[in-house]
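Participant: My questions all concern the structure below.
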Amino acid sequence: MQTSDVISNPLLEKLPPHLKQFIKPQNYEAYTPIDQAVWRYVMRKNVASLPAIAHSSYLEGLQKTGISLEEIPSMYGMNRILKDIGWAAVAVDGFIPPNAFMEFQAYNILVIASDIRKLENIEYTPAPDIIHEAAGHAPIIANPDYAQYLKRFGKIGCKAISSKRDYEMYEAVRKLSILKEAKDIPKKIIAAAEREVEELQNKKEPPSEMAKIRNLHWWTVEYGLIGTIENPKIYGAGLLSSIGESKLCMTNKVVKHTYSAKAALQDFDITQPQPQLFVTPDFAYLCQELEEFADTMALRKGGHRGLAKLIASENLGTIELNTGLQISGVFSKMLTDEDDQVIYFETKGETALSYREKELIGHGTATYKNGFISPIGKLKGSNLLIEDMSPRDLKAYNFYEGKFLEFEYESGITLAGTIVTGTRNVMGSLIIIHFEECEVFYHGELLFKSNSGNFSLAIGSEIISAYSGPADDYSFNRITHVSSTQTIKPHYSEKEKELHQLYQSVRNIREGKNAMFSLEATFNLLQKFHPMDWLLNVEIYELVHLSNPSLEKQVLTHLNDLKTKEPKIATLIDSGLTISRNQTTSPASNMH
């Protein structure tokens with residue numbers, strides 16, 4: 001596949017521009033022979049060890065999604081297969097903002113970080129990589145109940161309101177994960193990045209909606225267990241793709257809790273193995289708990305607390321009034337009455353008005369370049385809400401086009417101006433009244449005065465919803481994502497390139513192709529120039545086991561020496577030898 005090839009999946013055509021900006025070419029040709037060997041080792045290890053501890057959907061999903069054990073999957077191949085189960089996949093550059101990540105899920109699109117972990121991080125990496133995404137997430141979404149949960153989670157999660165600290169934390173964690181996965185980064189630079197994350201974590205403030213829902217995502221989608229406390233199975237992608245932690249999590253060293261929406265309050269450290277995990281009885285229960293959490297969000301509660309969250313976030317958000325009118329922008333101010341009801345709000349900068357997630361004609365950012373202000377509430381001395389007034393009622397209260405009108409809300413806010421016209425929703429209710437030469441006062445303080453142009457009054461008595469992002473995806477130009485940290489692409493020395501050639505030779509021999517070096521020559525060159533490399537020795541052992549006793553003995557002796565010199569890789573070597581002896585056969589087709 002060429003990087004210029006178009007990824008084929010109709011779901012991708014439905015994506016709005018602000019999500020398409022995160023998609024990047026996979027650059028398949030950039031994967032080295034060592035990268036391919038790392039993929040093969042982890043996948044073969046998973047298939048050998050996970051049947052006993054993973055949810056049955058995992059191995060079934062490997063077959064359905066067609067993910068090969070032998071080579072890294074291409075986006076083209078994955079999309080061809082995922083299309084059959086109603087999903088798609090895209091490659092991105094490492095971490096992307098949480099709201100964007102979840103919005104992709106809402107569109108049934110799996111976000112895949114196309115980089116792959118280094119050999120020294122083969123058991124676990126804090127950075128998202130293709131093993132975690134393709135081998136962890138993709139197979140399990142073939143389960144319809146789980147796929148439904150993932151989509152529902154995306155729809156709710158992308159509306160969660162972030163705090164200012166959340167945006168800072170996203171950049172800090174992204175930076176740390178990139179540095180830890182990159183080559184030859186000085187320890188003092190990594191330590192500084194770790195301190196930055198730690199300082200942000202130690203800032204004492206109530207967790208935001210996004211922080212809470214990110215926790216729920218972590219303890220289910222990434223690190224979830226299913227079944228019973230006594231006999232749990234793995235379904236979380238972080239565990240499925242971590243050959244170290246998938247084994248550890250089944251021991252008593254990791255505490256197991258029954259899952260509930262209260263897990264939203266349990267933070268996590270992405271750089272460390274998890275000391276506790278949560279067990280759900282089934283996937284349907286996940287949806288039940290998600291809905292319980294969603295009932296606590298500003299998305300469903302609205303009110304002054306919801307608007308306060310948007311103001312504190314200092315980012316684009318939306319409020320919806322009880323009339324269905326949606327106001328999207330960066331909210332900067334609100335006034336409330338003694339009952340904490342919002343009676344007035346302001347946005348700053350570009351703002352758009354929508355109804356049912358569609359921008360109202362003439363009410364986009366071109367009209368409201370410098371913000372939007374409006375009082376809301378009930379009229380003083382009237383039992384009728386403006387939105388509920390019939391044409392006869394409107395006349396009775398002097399709401400005539402072309403007529404100068406002055407009226408007062410129960411809150412004490414007064415408005416005076418000449419009515420130009422009104423905008424109604426599909427039910428016929430007024431949602432906007434347009435004035436000219438308008439003034440708005442509150443207890444003698446001038447809140448707004450239009451010396452020229454129109455003033456649009458939002459009609460509604462309460463805020464029923466508040467959430468992150470715009471009502472209409474196309475109202476704002478959000479193709480602005482430039483993270484402060486880009487992933488660091490490796491540059492290889494001549495010695496490293498020679499090692500790549502040795503890996504490629506062994507791969508070619510295994511696949512029955514012409515090879516630059518024989519197995520004997522490869523082993524000798526490894527011992528001479530790359531004496532600490534263990535993975536290629538394991539691959540050589542696989543090919544000579546029972547067929548070349550002399551070379552098999554030499555390789556085994558060398559691997560035993562490596563285990564003595566580097567005890568931390570002993571388990572990895574032993575696992576590789578066991579898999580080689582068992583000659584695990586791939587159940588899936590080749591996808592590249």
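Naming works like this for the structure tokens: A, B, ... for the chains as they're shown, residue 1 at the start of each chain, ligands 1 onward in shown order.
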Write out as JSON lines the residues of region 62-165 of chain A that have any atom within 6 Å of an atom of region 307-317 of chain A, one row each with the nearest atom pair and its distance in Å to one decimal, counting only C-alpha atoms, sorted by chain and then rising number.
Facilitator:
{"residue": "A:Ser162", "atom": "CA", "partner": "A:Ser313", "partner_atom": "CA", "distance": 5.9}
{"residue": "A:Ser163", "atom": "CA", "partner": "A:Ser313", "partner_atom": "CA", "distance": 4.6}
{"residue": "A:Lys164", "atom": "CA", "partner": "A:Ser313", "partner_atom": "CA", "distance": 5.1}
Participant: Just N, CA and C atoms for this one: save the residues we selected as a compact mmCIF listing (two decimals), in the first residue's frame.
Facilitator:
# COMPACT_ATOMS: atom_id res chain seq x y z
N SER A 162 -14.46 20.00 29.64
CA SER A 162 -13.11 19.93 30.21
C SER A 162 -12.81 21.19 31.00
N SER A 163 -11.90 21.06 31.95
CA SER A 163 -11.40 22.23 32.67
C SER A 163 -10.16 22.74 31.96
N LYS A 164 -9.73 23.93 32.32
CA LYS A 164 -8.49 24.46 31.75
C LYS A 164 -7.32 23.53 32.05
Participant: Using only C-alpha atoms, determine which residues lie at most 10 Å from region 61-73 of chain A, disregarding the query and same-chain residues fewer than 2 positions distant; provide the list as a VMD selection string.
Facilitator: chain A and resid 28 31 33 35 to 47 56 to 59 75 to 85 114 116 130 to 131 134 to 143 507 584 to 592
Participant: Restrict the selected residues to C-alpha atoms and save them as a short mmCIF file (atom, residue, chain, number, x, y, z; two decimals), in the first residue's frame.
Facilitator:
data_model
loop_
_atom_site.label_atom_id
_atom_site.label_comp_id
_atom_site.auth_asym_id
_atom_site.auth_seq_id
_atom_site.Cartn_x
_atom_site.Cartn_y
_atom_site.Cartn_z
CA TYR A 28 3.63 1.61 6.25
CA TYR A 31 8.05 0.14 9.80
CA PRO A 33 11.97 -5.38 10.20
CA ASP A 35 9.01 -3.39 14.25
CA GLN A 36 7.51 -6.33 12.34
CA ALA A 37 9.26 -8.78 14.67
CA VAL A 38 7.94 -6.93 17.74
CA TRP A 39 4.38 -7.12 16.34
CA ARG A 40 4.79 -10.83 15.58
CA TYR A 41 6.18 -11.64 19.02
CA VAL A 42 3.42 -9.81 20.91
CA MET A 43 0.64 -11.24 18.76
CA ARG A 44 1.92 -14.81 18.96
CA LYS A 45 2.37 -14.41 22.72
CA ASN A 46 -1.17 -13.04 23.04
CA VAL A 47 -2.74 -15.87 21.08
CA SER A 56 -14.16 -15.11 24.26
CA SER A 57 -14.92 -12.17 21.95
CA TYR A 58 -11.21 -11.40 21.63
CA LEU A 59 -10.05 -14.44 19.66
CA MET A 75 -5.09 0.79 7.42
CA TYR A 76 -6.34 -0.23 3.99
CA GLY A 77 -6.63 -3.87 5.03
CA MET A 78 -8.23 -3.05 8.36
CA ASN A 79 -10.84 -0.80 6.77
CA ARG A 80 -11.71 -3.43 4.20
CA ILE A 81 -12.52 -5.86 7.00
CA LEU A 82 -13.95 -3.46 9.61
CA LYS A 83 -16.44 -2.21 7.03
CA ASP A 84 -18.23 -5.54 7.32
CA ILE A 85 -18.90 -5.00 11.05
CA SER A 114 0.28 3.99 13.85
CA ILE A 116 4.86 0.89 17.29
CA ILE A 130 -0.58 0.09 16.77
CA ILE A 131 -0.30 -3.01 18.95
CA ALA A 134 -5.18 -2.74 16.33
CA ALA A 135 -4.48 -5.78 18.48
CA GLY A 136 -6.29 -4.49 21.58
CA HIS A 137 -9.30 -2.44 20.47
CA ALA A 138 -10.14 -3.79 17.02
CA PRO A 139 -10.85 -7.46 17.83
CA ILE A 140 -13.18 -6.76 20.75
CA ILE A 141 -15.42 -4.34 18.82
CA ALA A 142 -16.54 -7.29 16.72
CA ASN A 143 -18.79 -8.06 19.72
CA ARG A 507 11.95 -13.01 7.91
CA THR A 584 1.61 -21.51 17.12
CA THR A 585 -0.23 -21.19 13.83
CA SER A 586 -1.87 -17.89 12.87
CA PRO A 587 -5.70 -18.16 12.79
CA ALA A 588 -6.09 -15.00 10.77
CA SER A 589 -5.51 -14.06 7.19
CA ASN A 590 -2.74 -11.80 5.99
CA MET A 591 -3.94 -8.22 5.74
CA HIS A 592 -1.13 -6.21 4.20
#
Participant: Check region 200-376 of chain A with DSSP on the backbone and list each residue it calls strand (DSSP E or B), as an NGL selection string.
Facilitator: :A and (225-227 or 232-234 or 255-258 or 276-280 or 317-321 or 325-336 or 342-355 or 358-359 or 368 or 373-375)
Participant: Just the alpha helix (DSSP H) stuff from region 117-349 of chain A, please, per backbone DSSP, written as a PyMOL selection string.
Facilitator: chain A and resi 130+138-140+144-157+164-181+187-201+209-217+237-240+245-248+283-294+298-301+303-313
Participant: Mind pulling up the distance from CA of Ala182 (chain A) to CA of Pro128 (chain A)?
Facilitator: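 Distance reported for this atom pair: 12.6 Å.
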Participant: Kindly give the distance, in Å, that separates CA of Ile213 (chain A) and CA of Ala160 (chain A), rounded to a single decimal.
Facilitator: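 It comes out at 7.4 Å.
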Participant: Give me the residues near region 362-366 of chain A as a VMD selection string, where near means some atom within 6 Å (using only C-alpha atoms) and where sequence neighbours in that chain fewer than 2 positions away do not count.
Facilitator: chain A and resid 350 to 353 360 368 to 369
Participant: Could you pull the residues within 6 Å of Asp472 (chain A), counting only C-alpha atoms, minus those fewer than 6 positions along the same chain, as JSON, numbers by chain?
Facilitator: {"A": [357, 358, 359]}
Participant: Go ahead and write the selection's residues with all heavy atoms as a tab-separated table (two decimals), in the first residue's frame.
Facilitator:
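Result written to selection_5.tsv:
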chain	number	residue	atom	x	y	z
A	357	GLU	N	-29.24	21.03	16.18
A	357	GLU	CA	-27.88	20.83	15.67
A	357	GLU	C	-27.65	21.37	14.26
A	357	GLU	O	-26.66	21.03	13.62
A	357	GLU	CB	-27.49	19.33	15.70
A	357	GLU	CG	-27.27	18.77	17.09
A	357	GLU	CD	-28.55	18.61	17.89
A	357	GLU	OE1	-29.49	18.00	17.35
A	357	GLU	OE2	-28.63	19.12	19.04
A	358	LYS	N	-28.54	22.21	13.78
A	358	LYS	CA	-28.34	22.85	12.48
A	358	LYS	C	-28.32	24.37	12.67
A	358	LYS	O	-29.24	24.94	13.27
A	358	LYS	CB	-29.47	22.48	11.49
A	358	LYS	CG	-29.50	21.01	11.13
A	358	LYS	CD	-28.24	20.58	10.38
A	358	LYS	CE	-28.30	19.10	9.99
A	358	LYS	NZ	-27.02	18.65	9.37
A	359	GLU	N	-27.28	25.00	12.15
A	359	GLU	CA	-27.15	26.45	12.30
A	359	GLU	C	-28.32	27.15	11.62
A	359	GLU	O	-28.73	26.81	10.50
A	359	GLU	CB	-25.84	26.91	11.67
A	359	GLU	CG	-25.55	28.39	11.85
A	359	GLU	CD	-24.26	28.79	11.15
A	359	GLU	OE1	-23.19	28.30	11.58
A	359	GLU	OE2	-24.33	29.57	10.19
Participant: Could you tell me how far CA of Asp145 (chain A) lies from CA of Leu286 (chain A), in Å and to one decimal?
Facilitator: 9.6 Å
Participant: When you look at Ile112 (chain A) with a cut-off of 6 Å (counting only C-alpha atoms), what residues show up, excluding the ones that are within fewer than 6 positions of it in the same chain? I need them as a list of chain:residue names.
Facilitator: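 Using only C-alpha atoms, the neighbours found are A:Val90, A:Ala91, A:Val92, A:Glu133.
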Participant: Counting only C-alpha atoms, which residue out of A:Ser374, A:Ser411, A:Ser332, A:Gln504 sits closest to His434 (chain A)?
Facilitator: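 Ranked by minimum distance to His434 (chain A), first place goes to A:Ser374.
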